[in-house]
>>> print(open('start25.cif').read())   # mmCIF, C-alpha atoms and all ligand atoms
data_structure
loop_
_atom_site.group_PDB
_atom_site.id
_atom_site.type_symbol
_atom_site.label_atom_id
_atom_site.label_comp_id
_atom_site.auth_asym_id
_atom_site.auth_seq_id
_atom_site.Cartn_x
_atom_site.Cartn_y
_atom_site.Cartn_z
ATOM 1 C CA MET I 1 18.925 -2.017 -3.225
ATOM 2 C CA ALA I 2 17.573 -0.698 -6.498
ATOM 3 C CA SER I 3 18.753 2.705 -7.586
ATOM 4 C CA LEU I 4 16.845 4.372 -10.345
ATOM 5 C CA LYS I 5 17.330 7.676 -12.151
ATOM 6 C CA THR I 6 14.329 9.187 -13.803
ATOM 7 C CA ASN I 7 12.780 12.544 -14.665
ATOM 8 C CA ASN I 8 11.436 14.751 -11.911
ATOM 9 C CA PRO I 9 8.880 14.533 -10.482
ATOM 10 C CA ILE I 10 9.018 10.803 -9.793
ATOM 11 C CA GLN I 11 5.753 9.107 -10.809
ATOM 12 C CA LEU I 12 4.480 6.500 -8.364
ATOM 13 C CA VAL I 13 1.254 4.533 -8.304
ATOM 14 C CA GLN I 14 -0.079 2.837 -5.181
ATOM 15 C CA ILE I 15 -2.259 -0.218 -5.672
ATOM 16 C CA THR I 16 -3.482 -1.857 -2.507
ATOM 17 C CA ASP I 17 -5.691 -4.568 -1.033
ATOM 18 C CA THR I 18 -6.434 -6.417 -4.255
ATOM 19 C CA HIS I 19 -7.591 -9.476 -2.218
ATOM 20 C CA LEU I 20 -7.168 -11.826 -5.187
ATOM 21 C CA TYR I 21 -8.093 -15.502 -5.056
ATOM 22 C CA GLY I 22 -6.368 -18.368 -6.806
ATOM 23 C CA ASP I 23 -9.722 -19.005 -8.439
ATOM 24 C CA ALA I 24 -10.671 -16.200 -10.854
ATOM 25 C CA ASP I 25 -14.302 -16.552 -9.774
ATOM 26 C CA GLY I 26 -13.458 -15.817 -6.140
ATOM 27 C CA THR I 27 -15.575 -13.149 -4.471
ATOM 28 C CA LEU I 28 -15.144 -11.091 -1.327
ATOM 29 C CA LEU I 29 -18.524 -10.054 0.089
ATOM 30 C CA LYS I 30 -19.906 -10.937 -3.349
ATOM 31 C CA MET I 31 -17.423 -8.723 -5.195
ATOM 32 C CA ASN I 32 -15.298 -10.471 -7.826
ATOM 33 C CA THR I 33 -11.829 -9.230 -6.925
ATOM 34 C CA HIS I 34 -10.181 -10.260 -10.219
ATOM 35 C CA ASP I 35 -12.765 -8.219 -12.061
ATOM 36 C CA SER I 36 -12.502 -5.110 -9.865
ATOM 37 C CA PHE I 37 -8.670 -5.267 -10.060
ATOM 38 C CA ALA I 38 -8.915 -5.359 -13.877
ATOM 39 C CA HIS I 39 -11.154 -2.272 -13.833
ATOM 40 C CA VAL I 40 -8.646 -0.392 -11.668
ATOM 41 C CA LEU I 41 -5.778 -1.370 -13.991
ATOM 42 C CA ASP I 42 -7.818 0.057 -16.875
ATOM 43 C CA ILE I 43 -8.161 3.459 -15.207
ATOM 44 C CA VAL I 44 -4.461 3.494 -14.252
ATOM 45 C CA ARG I 45 -3.643 3.038 -17.942
ATOM 46 C CA GLU I 46 -6.083 5.805 -18.799
ATOM 47 C CA HIS I 47 -4.582 8.340 -16.376
ATOM 48 C CA GLU I 48 -0.856 7.547 -16.165
ATOM 49 C CA ASP I 49 1.567 8.093 -19.042
ATOM 50 C CA SER I 50 4.669 6.624 -17.532
ATOM 51 C CA ILE I 51 5.050 5.109 -14.078
ATOM 52 C CA ASP I 52 8.443 4.859 -12.380
ATOM 53 C CA LEU I 53 7.338 2.444 -9.664
ATOM 54 C CA ILE I 54 4.174 0.742 -8.404
ATOM 55 C CA LEU I 55 3.782 0.306 -4.642
ATOM 56 C CA ALA I 56 1.622 -2.744 -3.881
ATOM 57 C CA THR I 57 0.930 -2.335 -0.181
ATOM 58 C CA GLY I 58 -0.448 -5.652 0.937
ATOM 59 C CA ASP I 59 -3.483 -7.934 0.974
ATOM 60 C CA ILE I 60 -2.426 -8.807 -2.544
ATOM 61 C CA ALA I 61 -4.185 -12.173 -2.078
ATOM 62 C CA GLN I 62 -7.231 -13.087 -0.026
ATOM 63 C CA ASP I 63 -6.320 -16.784 0.114
ATOM 64 C CA ALA I 64 -2.485 -16.493 0.170
ATOM 65 C CA SER I 65 -2.296 -18.873 -2.802
ATOM 66 C CA ALA I 66 0.593 -18.869 -5.267
ATOM 67 C CA LYS I 67 -1.969 -18.657 -8.060
ATOM 68 C CA ALA I 68 -3.356 -15.385 -6.724
ATOM 69 C CA TYR I 69 0.149 -13.825 -6.610
ATOM 70 C CA GLU I 70 0.925 -15.120 -10.078
ATOM 71 C CA HIS I 71 -2.283 -13.546 -11.320
ATOM 72 C CA PHE I 72 -1.255 -10.201 -9.798
ATOM 73 C CA GLN I 73 2.167 -10.418 -11.455
ATOM 74 C CA LYS I 74 0.688 -11.316 -14.814
ATOM 75 C CA GLU I 75 -1.980 -8.600 -14.813
ATOM 76 C CA ILE I 76 0.186 -5.759 -13.512
ATOM 77 C CA LYS I 77 2.471 -6.180 -16.531
ATOM 78 C CA ILE I 78 -0.125 -4.248 -18.503
ATOM 79 C CA LEU I 79 1.168 -1.099 -16.767
ATOM 80 C CA ASP I 80 4.708 -1.667 -18.057
ATOM 81 C CA ALA I 81 6.338 -0.498 -14.810
ATOM 82 C CA PRO I 82 8.351 -2.155 -12.040
ATOM 83 C CA PHE I 83 6.542 -2.906 -8.778
ATOM 84 C CA ARG I 84 7.407 -3.821 -5.212
ATOM 85 C CA TRP I 85 5.039 -5.627 -2.859
ATOM 86 C CA ILE I 86 4.698 -6.077 0.874
ATOM 87 C CA PRO I 87 2.426 -8.528 2.698
ATOM 88 C CA GLY I 88 -0.805 -7.674 4.487
ATOM 89 C CA ASN I 89 -2.804 -9.690 6.997
ATOM 90 C CA HIS I 90 -4.354 -11.937 4.354
ATOM 91 C CA ASP I 91 -1.013 -12.682 2.689
ATOM 92 C CA SER I 92 1.742 -15.197 3.215
ATOM 93 C CA ALA I 93 5.137 -13.465 3.115
ATOM 94 C CA GLN I 94 6.678 -16.854 2.406
ATOM 95 C CA VAL I 95 4.500 -17.637 -0.620
ATOM 96 C CA MET I 96 5.042 -14.088 -1.923
ATOM 97 C CA ALA I 97 8.807 -14.564 -1.649
ATOM 98 C CA GLU I 98 8.607 -17.901 -3.475
ATOM 99 C CA VAL I 99 6.528 -16.446 -6.310
ATOM 100 C CA ALA I 100 8.858 -13.432 -6.552
ATOM 101 C CA LYS I 101 12.026 -15.561 -6.549
ATOM 102 C CA GLY I 102 14.622 -14.314 -9.034
ATOM 103 C CA SER I 103 13.015 -10.845 -9.262
ATOM 104 C CA ALA I 104 13.382 -7.604 -7.289
ATOM 105 C CA VAL I 105 9.713 -7.533 -6.296
ATOM 106 C CA CYS I 106 10.314 -8.170 -2.562
ATOM 107 C CA GLU I 107 13.111 -5.602 -2.340
ATOM 108 C CA LYS I 108 12.638 -3.343 0.678
ATOM 109 C CA VAL I 109 14.805 -0.352 -0.220
ATOM 110 C CA ILE I 110 14.529 1.619 -3.449
ATOM 111 C CA GLN I 111 16.288 4.869 -4.240
ATOM 112 C CA ILE I 112 14.837 6.946 -7.067
ATOM 113 C CA ASN I 113 16.649 10.215 -7.751
ATOM 114 C CA ASN I 114 16.934 11.970 -4.367
ATOM 115 C CA TRP I 115 14.105 9.947 -2.741
ATOM 116 C CA MET I 116 14.498 6.765 -0.704
ATOM 117 C CA ILE I 117 11.548 4.398 -0.342
ATOM 118 C CA PHE I 118 11.278 1.742 2.386
ATOM 119 C CA MET I 119 8.853 -1.186 2.183
ATOM 120 C CA LEU I 120 8.018 -2.667 5.622
ATOM 121 C CA ASP I 121 6.495 -6.017 6.504
ATOM 122 C CA THR I 122 3.938 -5.604 9.324
ATOM 123 C CA SER I 123 2.163 -8.925 8.789
ATOM 124 C CA ILE I 124 1.724 -11.650 11.386
ATOM 125 C CA GLU I 125 0.445 -14.817 9.783
ATOM 126 C CA GLY I 126 -3.078 -15.636 10.947
ATOM 127 C CA GLN I 127 -3.679 -12.258 12.622
ATOM 128 C CA VAL I 128 -5.669 -9.252 11.393
ATOM 129 C CA HIS I 129 -3.593 -6.689 13.278
ATOM 130 C CA GLY I 130 -0.016 -5.861 12.398
ATOM 131 C CA ARG I 131 3.294 -5.654 14.186
ATOM 132 C CA LEU I 132 6.839 -4.745 13.215
ATOM 133 C CA ALA I 133 8.881 -7.756 14.312
ATOM 134 C CA PRO I 134 12.271 -7.098 16.005
ATOM 135 C CA ALA I 135 14.145 -7.724 12.732
ATOM 136 C CA GLU I 136 11.880 -5.305 10.893
ATOM 137 C CA LEU I 137 12.359 -2.613 13.561
ATOM 138 C CA GLU I 138 16.096 -3.122 13.313
ATOM 139 C CA PHE I 139 15.935 -2.867 9.522
ATOM 140 C CA LEU I 140 14.011 0.413 9.787
ATOM 141 C CA GLU I 141 16.352 1.895 12.402
ATOM 142 C CA GLU I 142 19.519 0.994 10.514
ATOM 143 C CA ASN I 143 18.334 2.001 7.055
ATOM 144 C CA LEU I 144 16.739 5.215 8.234
ATOM 145 C CA ALA I 145 19.971 6.201 9.996
ATOM 146 C CA ALA I 146 22.015 5.326 6.884
ATOM 147 C CA ALA I 147 19.682 7.362 4.659
ATOM 148 C CA GLU I 148 20.062 10.352 6.995
ATOM 149 C CA GLN I 149 23.833 10.194 6.393
ATOM 150 C CA GLU I 150 23.596 9.598 2.644
ATOM 151 C CA ASP I 151 24.218 12.773 0.629
ATOM 152 C CA SER I 152 22.340 11.552 -2.432
ATOM 153 C CA VAL I 153 19.137 11.110 -0.380
ATOM 154 C CA ASP I 154 17.103 14.194 0.531
ATOM 155 C CA HIS I 155 13.659 12.705 1.163
ATOM 156 C CA ILE I 156 12.205 9.467 2.511
ATOM 157 C CA LEU I 157 8.878 7.706 1.985
ATOM 158 C CA VAL I 158 7.869 4.704 4.121
ATOM 159 C CA CYS I 159 5.295 2.091 3.027
ATOM 160 C CA LEU I 160 3.516 -0.470 5.195
ATOM 161 C CA HIS I 161 0.232 -2.364 5.057
ATOM 162 C CA HIS I 162 -1.313 -1.692 8.467
ATOM 163 C CA ASN I 163 -2.567 1.689 9.630
ATOM 164 C CA PRO I 164 0.079 3.177 11.958
ATOM 165 C CA ILE I 165 -2.457 5.439 13.648
ATOM 166 C CA LYS I 166 -5.777 4.385 15.132
ATOM 167 C CA GLY I 167 -8.499 3.649 12.554
ATOM 168 C CA ASN I 168 -11.436 6.089 12.425
ATOM 169 C CA SER I 169 -14.161 3.477 12.991
ATOM 170 C CA GLY I 170 -15.050 1.711 16.232
ATOM 171 C CA TRP I 171 -14.553 -1.796 14.794
ATOM 172 C CA MET I 172 -11.031 -0.850 13.661
ATOM 173 C CA LYS I 173 -9.854 -0.399 17.259
ATOM 174 C CA ASP I 174 -7.548 -3.434 17.317
ATOM 175 C CA ILE I 175 -6.726 -4.079 13.650
ATOM 176 C CA GLY I 176 -3.918 -1.566 13.072
ATOM 177 C CA LEU I 177 -0.192 -1.612 13.817
ATOM 178 C CA HIS I 178 0.143 -2.692 17.454
ATOM 179 C CA ASN I 179 3.644 -1.323 18.091
ATOM 180 C CA LYS I 180 2.919 1.993 16.416
ATOM 181 C CA GLU I 181 4.511 4.006 19.264
ATOM 182 C CA ARG I 182 7.855 2.339 18.551
ATOM 183 C CA PHE I 183 7.385 2.922 14.814
ATOM 184 C CA TRP I 184 6.777 6.648 15.286
ATOM 185 C CA GLU I 185 9.611 6.939 17.794
ATOM 186 C CA ILE I 186 12.054 5.558 15.208
ATOM 187 C CA LEU I 187 10.607 7.772 12.482
ATOM 188 C CA SER I 188 10.935 10.855 14.691
ATOM 189 C CA ARG I 189 14.743 10.549 14.424
ATOM 190 C CA SER I 190 14.577 11.224 10.690
ATOM 191 C CA GLU I 191 14.797 14.720 9.285
ATOM 192 C CA LYS I 192 14.306 13.499 5.729
ATOM 193 C CA LEU I 193 11.058 11.562 6.210
ATOM 194 C CA LYS I 194 8.219 13.168 4.229
ATOM 195 C CA CYS I 195 5.479 10.604 3.951
ATOM 196 C CA VAL I 196 4.004 7.356 5.270
ATOM 197 C CA VAL I 197 1.850 5.348 2.843
ATOM 198 C CA TYR I 198 -0.442 2.462 3.808
ATOM 199 C CA GLY I 199 -3.579 0.445 2.990
ATOM 200 C CA HIS I 200 -5.533 -2.047 5.137
ATOM 201 C CA VAL I 201 -8.503 0.191 6.012
ATOM 202 C CA HIS I 202 -9.788 0.365 2.414
ATOM 203 C CA GLN I 203 -10.440 4.110 2.284
ATOM 204 C CA GLU I 204 -8.915 7.385 1.121
ATOM 205 C CA LEU I 205 -7.085 9.406 3.789
ATOM 206 C CA ASP I 206 -4.618 12.297 3.566
ATOM 207 C CA PHE I 207 -3.596 13.886 6.880
ATOM 208 C CA GLU I 208 -0.607 14.828 9.041
ATOM 209 C CA HIS I 209 0.636 12.920 12.064
ATOM 210 C CA ASN I 210 3.673 14.114 14.054
ATOM 211 C CA GLY I 211 4.300 16.558 11.192
ATOM 212 C CA ILE I 212 4.474 13.725 8.636
ATOM 213 C CA ARG I 213 2.041 13.364 5.769
ATOM 214 C CA CYS I 214 0.090 10.091 5.937
ATOM 215 C CA LEU I 215 -1.737 8.659 2.941
ATOM 216 C CA CYS I 216 -4.127 5.732 2.852
ATOM 217 C CA THR I 217 -5.569 4.457 -0.389
ATOM 218 C CA PRO I 218 -8.794 2.740 -1.448
ATOM 219 C CA SER I 219 -8.695 -0.966 -2.105
ATOM 220 C CA THR I 220 -9.105 -2.241 -5.651
ATOM 221 C CA CYS I 221 -12.176 -4.106 -4.317
ATOM 222 C CA ILE I 222 -14.490 -3.437 -1.329
ATOM 223 C CA GLN I 223 -14.435 -0.082 0.518
ATOM 224 C CA PHE I 224 -14.779 0.419 4.282
ATOM 225 C CA LYS I 225 -17.029 3.220 5.473
ATOM 226 C CA PRO I 226 -15.074 5.721 7.597
ATOM 227 C CA ASN I 227 -16.206 7.087 10.978
ATOM 228 C CA VAL I 228 -18.742 4.426 11.911
ATOM 229 C CA VAL I 229 -19.006 2.251 15.026
ATOM 230 C CA ASN I 230 -19.700 -1.149 13.455
ATOM 231 C CA PHE I 231 -18.335 -2.625 10.243
ATOM 232 C CA ALA I 232 -19.997 -1.139 7.163
ATOM 233 C CA LEU I 233 -19.119 -1.038 3.486
ATOM 234 C CA ASP I 234 -18.942 2.261 1.666
ATOM 235 C CA PRO I 235 -20.837 2.381 -1.633
ATOM 236 C CA VAL I 236 -17.939 4.035 -3.485
ATOM 237 C CA ASN I 237 -16.033 2.367 -6.269
ATOM 238 C CA PRO I 238 -12.539 0.827 -6.131
ATOM 239 C CA GLY I 239 -9.532 2.939 -6.995
ATOM 240 C CA TYR I 240 -5.819 3.660 -6.749
ATOM 241 C CA ARG I 241 -3.514 6.541 -5.819
ATOM 242 C CA THR I 242 -1.020 8.417 -7.944
ATOM 243 C CA LEU I 243 1.906 10.245 -6.280
ATOM 244 C CA GLN I 244 4.340 12.717 -7.810
ATOM 245 C CA LEU I 245 7.453 13.046 -5.663
ATOM 246 C CA HIS I 246 9.164 16.353 -6.354
ATOM 247 C CA GLU I 247 12.850 17.097 -6.040
ATOM 248 C CA ASP I 248 12.162 19.661 -3.266
ATOM 249 C CA GLY I 249 10.346 17.066 -1.108
ATOM 250 C CA SER I 250 6.813 18.136 -1.923
ATOM 251 C CA ILE I 251 4.235 15.581 -3.026
ATOM 252 C CA ASP I 252 1.257 15.884 -5.337
ATOM 253 C CA THR I 253 -1.185 13.046 -4.972
ATOM 254 C CA LYS I 254 -4.642 12.089 -6.156
ATOM 255 C CA VAL I 255 -6.987 9.139 -5.786
ATOM 256 C CA TYR I 256 -8.814 7.930 -8.874
ATOM 257 C CA ARG I 257 -11.809 5.629 -8.687
ATOM 258 C CA VAL I 258 -13.507 3.519 -11.342
ATOM 259 C CA GLU I 259 -16.410 5.491 -12.792
ATOM 260 C CA GLY I 260 -19.619 4.409 -14.479
ATOM 261 C CA GLU I 261 -19.442 0.837 -13.234
ATOM 262 C CA ILE I 262 -21.779 -0.819 -10.733
ATOM 263 C CA PHE I 263 -20.112 -3.674 -8.861
ATOM 264 C CA GLU I 264 -22.002 -6.391 -7.063
ATOM 265 C CA VAL I 265 -21.264 -6.095 -3.334
ATOM 266 C CA ASP I 266 -23.014 -7.434 -0.238
ATOM 267 C CA TYR I 267 -23.670 -4.207 1.658
ATOM 268 C CA SER I 268 -25.555 -6.025 4.403
ATOM 269 C CA SER I 269 -22.434 -7.809 5.629
ATOM 270 C CA GLY I 270 -21.412 -7.284 9.235
ATOM 271 C CA GLY I 271 -17.723 -8.109 8.685
ATOM 272 C CA TYR I 272 -15.194 -9.398 6.222
HETATM 273 FE FE FE C 301 -7.399 -5.486 2.927
#
>>> encode(input="start25.cif", output="structure tokens")
Amino acid sequence: MASLKTNNPIQLVQITDTHLYGDADGTLLKMNTHDSFAHVLDIVREHEDSIDLILATGDIAQDASAKAYEHFQKEIKILDAPFRWIPGNHDSAQVMAEVAKGSAVCEKVIQINNWMIFMLDTSIEGQVHGRLAPAELEFLEENLAAAEQEDSVDHILVCLHHNPIKGNSGWMKDIGLHNKERFWEILSRSEKLKCVVYGHVHQELDFEHNGIRCLCTPSTCIQFKPNVVNFALDPVNPGYRTLQLHEDGSIDTKVYRVEGEIFEVDYSSGGY
């Protein structure tokens, strides 16, 4: 477990759903994902002075290739901050672990000042939906209980790739976290939990569920239109989220999107 002391508030950045290909010319619904990722990194540099930790919440690669993960690692260095990543449905947890070998990138527990952050793997190789496997549920239960007992921890933030509440569009019905009831039942035992952070549905959300703040963040590439029946892309630009975790447990957060750039995207697509 990493333990980091920094100034308050703690400065986090969430980057999600980069969908990178091993080939730099790779496109997702005609969008070049290397290019859109680079644009998002530019605006992060513009807005953030110093970042304590970057949360990369899955779908790092579209093709699960080592080259795509290596590209992510190489490019993110521009932000001069540590990062942790978790797999999404397009990723291979195994390839990510191999690429991250010898580093702390796959670490699942990070304490920064009086906050504890958990990174959960909800991926099932070959499936769009997510599930917390028995070992992952056990990890969450044990670590959450330990954090409740730990005097140096006052607040907890949990990260996962899949949406742990039903998606707001008809086509999203089956793509979220399938054992979400179990997830929320475990979380309900925590008095220190403040926030759940995720990606997967490529849109900005900030709401409360069971009294816990839930944040979802735009992808660094294509955006999914909220509140529709069938799959549709949203003509808004890629972005990222910044989070300031305060000592008293409060959170300031904002989504920034790339401005003044027109990306090529296939808006007529019926799926991805
Ligand atoms: Fe994604």
>>> resolve_selection(input="start25.cif", expression="the PyMOL selection byres (((not hetatm)) within 9 of (chain C and resi 301))", output="PyMOL selection string")
chain I and resi 16-19+58-62+88-90+161+199-202+219+221-222
>>> resolve_selection(input="start25.cif", expression="the PyMOL selection byres (((chain I and resi 173-189) around 6) and not hetatm)", output="PDB file with C-alpha atoms, keeping the file's coordinate frame")
ATOM      1  CA  VAL I 128      -5.669  -9.252  11.393  1.00  0.00           C
ATOM      2  CA  HIS I 129      -3.593  -6.689  13.278  1.00  0.00           C
ATOM      3  CA  GLY I 130      -0.016  -5.861  12.398  1.00  0.00           C
ATOM      4  CA  ARG I 131       3.294  -5.654  14.186  1.00  0.00           C
ATOM      5  CA  HIS I 162      -1.313  -1.692   8.467  1.00  0.00           C
ATOM      6  CA  ASN I 163      -2.567   1.689   9.630  1.00  0.00           C
ATOM      7  CA  PRO I 164       0.079   3.177  11.958  1.00  0.00           C
ATOM      8  CA  GLY I 170     -15.050   1.711  16.232  1.00  0.00           C
ATOM      9  CA  TRP I 171     -14.553  -1.796  14.794  1.00  0.00           C
ATOM     10  CA  MET I 172     -11.031  -0.850  13.661  1.00  0.00           C
ATOM     11  CA  SER I 190      14.577  11.224  10.690  1.00  0.00           C
TER      12      SER I 190
END
>>> atom_distance(input="start25.cif", atom1="CA of Glu142 in chain I", atom2="CA of Ile51 in chain I")
28.8 Å
>>> residues_around(input="start25.cif", residues="Ile212 in chain I", least_positions_apart="2", cutoff="9 Å", atoms="only C-alpha atoms", output="MDAnalysis selection string")
chainID I and resid 193:196 207:210 214
>>> residues_near_point(input="start25.cif", point="(-16.5, -10.8, -8.1)", cutoff="12 Å", atoms="all atoms listed in the file", output="ChimeraX atom specification")
/I:18-21,23-39,220-222,262-266
>>> write_last_selection(input="start25.cif", atoms="C-alpha atoms", output="tab-separated table (two decimals), keeping the file's coordinate frame")
chain	number	residue	atom	x	y	z
I	18	THR	CA	-6.43	-6.42	-4.26
I	19	HIS	CA	-7.59	-9.48	-2.22
I	20	LEU	CA	-7.17	-11.83	-5.19
I	21	TYR	CA	-8.09	-15.50	-5.06
I	23	ASP	CA	-9.72	-19.00	-8.44
I	24	ALA	CA	-10.67	-16.20	-10.85
I	25	ASP	CA	-14.30	-16.55	-9.77
I	26	GLY	CA	-13.46	-15.82	-6.14
I	27	THR	CA	-15.58	-13.15	-4.47
I	28	LEU	CA	-15.14	-11.09	-1.33
I	29	LEU	CA	-18.52	-10.05	0.09
I	30	LYS	CA	-19.91	-10.94	-3.35
I	31	MET	CA	-17.42	-8.72	-5.20
I	32	ASN	CA	-15.30	-10.47	-7.83
I	33	THR	CA	-11.83	-9.23	-6.92
I	34	HIS	CA	-10.18	-10.26	-10.22
I	35	ASP	CA	-12.76	-8.22	-12.06
I	36	SER	CA	-12.50	-5.11	-9.86
I	37	PHE	CA	-8.67	-5.27	-10.06
I	38	ALA	CA	-8.91	-5.36	-13.88
I	39	HIS	CA	-11.15	-2.27	-13.83
I	220	THR	CA	-9.10	-2.24	-5.65
I	221	CYS	CA	-12.18	-4.11	-4.32
I	222	ILE	CA	-14.49	-3.44	-1.33
I	262	ILE	CA	-21.78	-0.82	-10.73
I	263	PHE	CA	-20.11	-3.67	-8.86
I	264	GLU	CA	-22.00	-6.39	-7.06
I	265	VAL	CA	-21.26	-6.10	-3.33
I	266	ASP	CA	-23.01	-7.43	-0.24
>>> atom_distance(input="start25.cif", atom1="CA of Lys108 in chain I", atom2="CA of Leu120 in chain I")
6.8 Å
>>> closest_residue(input="start25.cif", among="I:Met119, I:Ala145, I:Leu205, I:Ile10", to="Glu247 in chain I", atoms="all atoms listed in the file")
I:Ile10
>>> closest_residue(input="start25.cif", among="I:Ala64, I:Val229, I:Ala147, I:Val255", to="Arg241 in chain I", atoms="only C-alpha atoms")
I:Val255
>>> residues_around(input="start25.cif", residues="Ile43 in chain I", least_positions_apart="6", cutoff="9 Å", atoms="all atoms listed in the file", output="ChimeraX atom specification")
/I:239-240,256-259
>>> closest_residue(input="start25.cif", among="I:Arg84, I:His155, I:Lys5, I:Lys192", to="Leu55 in chain I", atoms="all atoms listed in the file")
I:Arg84
>>> atom_distance(input="start25.cif", atom1="CA of Leu245 in chain I", atom2="CA of Val40 in chain I")
21.8 Å
